[in-house]
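For reference, the structure discussed in these notes is given below.
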Amino acid sequence: MSDAALHHSAAPEAAMEPKTLVEGAYRRLRRNIVEGVHPPGEKLRVEHLKEQYDVGAGTLREALQLLVTDALVVAQGQRGFRVAPISLKDFEDITRTRVLIETEALRQSIALGDDDWEGRVLAAFHRLSRAEERLDDEASAREDWEERNRVFHEVLISACPSRWIQHFQQILYRQSERYRRLSLFRNPIPRDVHAEHQLLCDATVARDSEAACKVLTEHILRTLDAVRHMPTEFLNAAENGPKVRPA
């Protein structure tokens with residue numbers, strides 16, 4: 001894992017400025033891939049993207065290589081780069097692995113977390129709840145909610161002493177973003193995400209590791225269930241990528 005990618009995963013994006021042009025291009029590209037601006041399967045042409053992102057070809061290639069490490073971009077030898085495809089099978093694998101890692105991290109956090117950790121959990125939940133209240137009122141609220149949701153999940157496991165468990169949780173969370181965004185705001189199944197977060201927070205601060213891990217597992221699997229209920233043609237379109245575009 002590169003220094004830029006490790007740095008990216010260690011703190012919220014909004015809390016720090018990129019230190020290099022490569023890191024800045026990496027962040028912007030990554031966000032646009034996760035948000036679907038560059039859909040699965042799209043060919044990423046350096047000669048076009050360098051103008052869009054206002055960086056040189058060398059900088060852009062380094063940023064794309066970081067995204068290959070993140071498994072969001074696929075290198076095609078001498079043929080350049082494409083946005084990594086998505087599939088239901090891939091998301092099932094991501095989800096199962098995330099449940100294993102994140103529940104173990106939460107179990108360790110509950111066992112080892114002190115009062116300061118508990119306070120951070122409550123504060124992160126409060127900020128997330130405030131963002132949820134604005135989802136229907138502000139155009140920018142969705143991005144704010146996404147960031148606060150990520151922070152809430154990271155704070156829950158922040159007392160886990162294993163930096164590798166935390167690092168892999170961050171990778172899996174990021175990988176799940178593209179799939180979650182397909183479903184969360186389209187409501188393919190009835191769901192009260194705030195209530196799910198409330199139960200998770202309550203069980204965690206009550207130091208009930210069994211209940212907290214059960215709620216977390218159901219919370220993560222609920223997103224998989226939502227993606228499974230997306231219209232077949234919608235997921236197929238995402239899997240197959242865009243039609244051929246003009247050069």
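We name chains A, B, ... following the order of the structure tokens; residues begin at 1 in each chain, and ligands are numbered from 1 as shown.
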Region 66-182 of chain A: residues DSSP assigns to helix (DSSP H, G or I), reported as a VMD selection string: chain A and resid 66 to 69 77 to 79 88 to 112 115 to 133 141 to 156 163 to 182
Find the residues around Arg98 (chain A) up to 10 Å (only C-alpha atoms counted), leave out those fewer than 3 positions away in its own chain, and share them as a PyMOL selection string. chain A and resi 92-95+101-104+168-173+175-176+217+220-221
Which one is closest to Cys213 (chain A): A:Ala75, A:Ala195, A:Leu156, A:Leu135? Count only C-alpha atoms.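 Ranked by minimum distance to Cys213 (chain A), first place goes to A:Leu156.
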Contacts of region 77-86 of chain A within 6 Å, only C-alpha atoms, excl. fewer than 4 positions in-chain, as a list of chain:residue names: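 What passes the distance filter is A:Pro40, A:Gly41, A:Glu42, A:Lys43, A:Leu44, A:Leu72, A:Val73, A:Glu239.
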Please, could you write that set of residues out with N, CA, C and O atoms as a compact mmCIF listing (two decimals), in the first residue's frame?
# COMPACT_ATOMS: atom_id res chain seq x y z
N PRO A 40 -18.55 1.85 -13.59
CA PRO A 40 -17.81 0.59 -13.75
C PRO A 40 -17.59 0.27 -15.23
O PRO A 40 -18.50 0.39 -16.05
N GLY A 41 -16.35 -0.12 -15.54
CA GLY A 41 -16.01 -0.51 -16.90
C GLY A 41 -15.54 0.62 -17.79
O GLY A 41 -15.01 0.37 -18.88
N GLU A 42 -15.68 1.86 -17.36
CA GLU A 42 -15.28 2.98 -18.21
C GLU A 42 -13.77 3.01 -18.42
O GLU A 42 -13.00 2.81 -17.50
N LYS A 43 -13.36 3.25 -19.65
CA LYS A 43 -11.94 3.39 -19.95
C LYS A 43 -11.47 4.75 -19.47
O LYS A 43 -12.09 5.77 -19.78
N LEU A 44 -10.39 4.77 -18.72
CA LEU A 44 -9.84 6.01 -18.16
C LEU A 44 -8.67 6.45 -19.04
O LEU A 44 -7.55 5.96 -18.90
N LEU A 72 -10.03 -0.31 -7.24
CA LEU A 72 -11.09 0.47 -7.88
C LEU A 72 -10.83 0.69 -9.36
O LEU A 72 -11.73 1.07 -10.11
N VAL A 73 -9.59 0.47 -9.77
CA VAL A 73 -9.19 0.61 -11.17
C VAL A 73 -8.42 -0.64 -11.57
O VAL A 73 -7.70 -1.22 -10.75
N GLU A 239 -22.74 -3.31 -13.90
CA GLU A 239 -21.73 -4.34 -14.11
C GLU A 239 -21.09 -4.23 -15.48
O GLU A 239 -19.89 -4.37 -15.65
Top pick for closest residue to Asn32 (chain A), considering A:Arg142, A:His48, A:Arg178, A:His229 and counting only C-alpha atoms: A:Arg178
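Using only C-alpha atoms, the nearest neighbour of Asp115 (chain A) within the list A:Leu49, A:Val22, A:Val205, A:Leu224 is A:Val205.
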Return the single residue from A:Ala63, A:Val99, A:Ala159, A:Ala57 that is closest to Gly119 (chain A), with distances computed using only C-alpha atoms.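 Comparing A:Ala63, A:Val99, A:Ala159, A:Ala57 against Gly119 (chain A), the winner is A:Ala159.
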Who sits within 7 Å of Ala131 (chain A), only C-alpha atoms, same chain under 6 positions skipped, as an NGL selection string: :A and (141 or 144-145)
Selected residue, from A:Glu210, A:Asp225, A:Glu154, A:Glu47, that lies nearest to Ile189 (chain A) when counting only C-alpha atoms: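 Of all the options, A:Asp225 lies closest to Ile189 (chain A).
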If you run DSSP on the backbone here, which positions in region 43-214 of chain A get strand (DSSP E or B)? Please write them as an MDAnalysis selection string. chainID A and resid 43:44 73:75 81:83
May I have the selected residues written with all heavy atoms, as an mmCIF file, in the first residue's frame?
data_model
loop_
_atom_site.group_PDB
_atom_site.id
_atom_site.type_symbol
_atom_site.label_atom_id
_atom_site.label_comp_id
_atom_site.auth_asym_id
_atom_site.auth_seq_id
_atom_site.Cartn_x
_atom_site.Cartn_y
_atom_site.Cartn_z
ATOM 1 N N LYS A 43 -13.362 3.254 -19.649
ATOM 2 C CA LYS A 43 -11.940 3.392 -19.950
ATOM 3 C C LYS A 43 -11.472 4.754 -19.475
ATOM 4 O O LYS A 43 -12.092 5.774 -19.777
ATOM 5 C CB LYS A 43 -11.677 3.247 -21.450
ATOM 6 C CG LYS A 43 -10.188 3.232 -21.803
ATOM 7 C CD LYS A 43 -9.980 2.865 -23.251
ATOM 8 C CE LYS A 43 -8.486 2.838 -23.609
ATOM 9 N NZ LYS A 43 -7.735 1.860 -22.794
ATOM 10 N N LEU A 44 -10.390 4.773 -18.718
ATOM 11 C CA LEU A 44 -9.844 6.006 -18.162
ATOM 12 C C LEU A 44 -8.673 6.452 -19.036
ATOM 13 O O LEU A 44 -7.555 5.961 -18.899
ATOM 14 C CB LEU A 44 -9.405 5.777 -16.712
ATOM 15 C CG LEU A 44 -10.541 5.360 -15.760
ATOM 16 C CD1 LEU A 44 -9.978 4.912 -14.416
ATOM 17 C CD2 LEU A 44 -11.538 6.494 -15.574
ATOM 18 N N VAL A 73 -9.592 0.467 -9.769
ATOM 19 C CA VAL A 73 -9.190 0.607 -11.168
ATOM 20 C C VAL A 73 -8.419 -0.636 -11.570
ATOM 21 O O VAL A 73 -7.698 -1.224 -10.755
ATOM 22 C CB VAL A 73 -8.325 1.878 -11.366
ATOM 23 C CG1 VAL A 73 -7.640 1.886 -12.727
ATOM 24 C CG2 VAL A 73 -9.190 3.131 -11.204
ATOM 25 N N VAL A 74 -8.586 -1.041 -12.821
ATOM 26 C CA VAL A 74 -7.886 -2.204 -13.355
ATOM 27 C C VAL A 74 -6.893 -1.728 -14.406
ATOM 28 O O VAL A 74 -7.257 -0.978 -15.323
ATOM 29 C CB VAL A 74 -8.888 -3.192 -13.994
ATOM 30 C CG1 VAL A 74 -8.142 -4.372 -14.618
ATOM 31 C CG2 VAL A 74 -9.895 -3.672 -12.964
ATOM 32 N N ALA A 75 -5.631 -2.138 -14.259
ATOM 33 C CA ALA A 75 -4.613 -1.835 -15.270
ATOM 34 C C ALA A 75 -4.683 -2.893 -16.358
ATOM 35 O O ALA A 75 -4.760 -4.089 -16.074
ATOM 36 C CB ALA A 75 -3.226 -1.806 -14.636
ATOM 37 N N PHE A 81 -6.082 1.961 -18.520
ATOM 38 C CA PHE A 81 -6.812 1.691 -17.283
ATOM 39 C C PHE A 81 -8.320 1.714 -17.530
ATOM 40 O O PHE A 81 -8.804 2.434 -18.392
ATOM 41 C CB PHE A 81 -6.483 2.743 -16.221
ATOM 42 C CG PHE A 81 -5.019 2.849 -15.871
ATOM 43 C CD1 PHE A 81 -4.178 3.702 -16.588
ATOM 44 C CD2 PHE A 81 -4.485 2.118 -14.828
ATOM 45 C CE1 PHE A 81 -2.836 3.812 -16.260
ATOM 46 C CE2 PHE A 81 -3.148 2.213 -14.490
ATOM 47 C CZ PHE A 81 -2.320 3.058 -15.208
ATOM 48 N N ARG A 82 -9.029 0.934 -16.716
ATOM 49 C CA ARG A 82 -10.489 0.972 -16.697
ATOM 50 C C ARG A 82 -10.965 0.991 -15.248
ATOM 51 O O ARG A 82 -10.301 0.455 -14.355
ATOM 52 C CB ARG A 82 -11.098 -0.247 -17.403
ATOM 53 C CG ARG A 82 -11.047 -0.203 -18.914
ATOM 54 C CD ARG A 82 -11.864 -1.325 -19.534
ATOM 55 N NE ARG A 82 -11.755 -1.310 -20.975
ATOM 56 C CZ ARG A 82 -12.516 -0.583 -21.780
ATOM 57 N NH1 ARG A 82 -13.471 0.176 -21.248
ATOM 58 N NH2 ARG A 82 -12.358 -0.607 -23.074
ATOM 59 N N VAL A 83 -12.141 1.571 -15.033
ATOM 60 C CA VAL A 83 -12.782 1.481 -13.718
ATOM 61 C C VAL A 83 -13.135 0.016 -13.468
ATOM 62 O O VAL A 83 -13.641 -0.674 -14.355
ATOM 63 C CB VAL A 83 -14.053 2.341 -13.660
ATOM 64 C CG1 VAL A 83 -14.735 2.198 -12.299
ATOM 65 C CG2 VAL A 83 -13.726 3.809 -13.934
#
So how far away is CA of Glu218 (chain A) from CA of Arg96 (chain A), in Å?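 If I compute the distance from CA of Arg96 (chain A) to CA of Glu218 (chain A), I get 11.4 Å.
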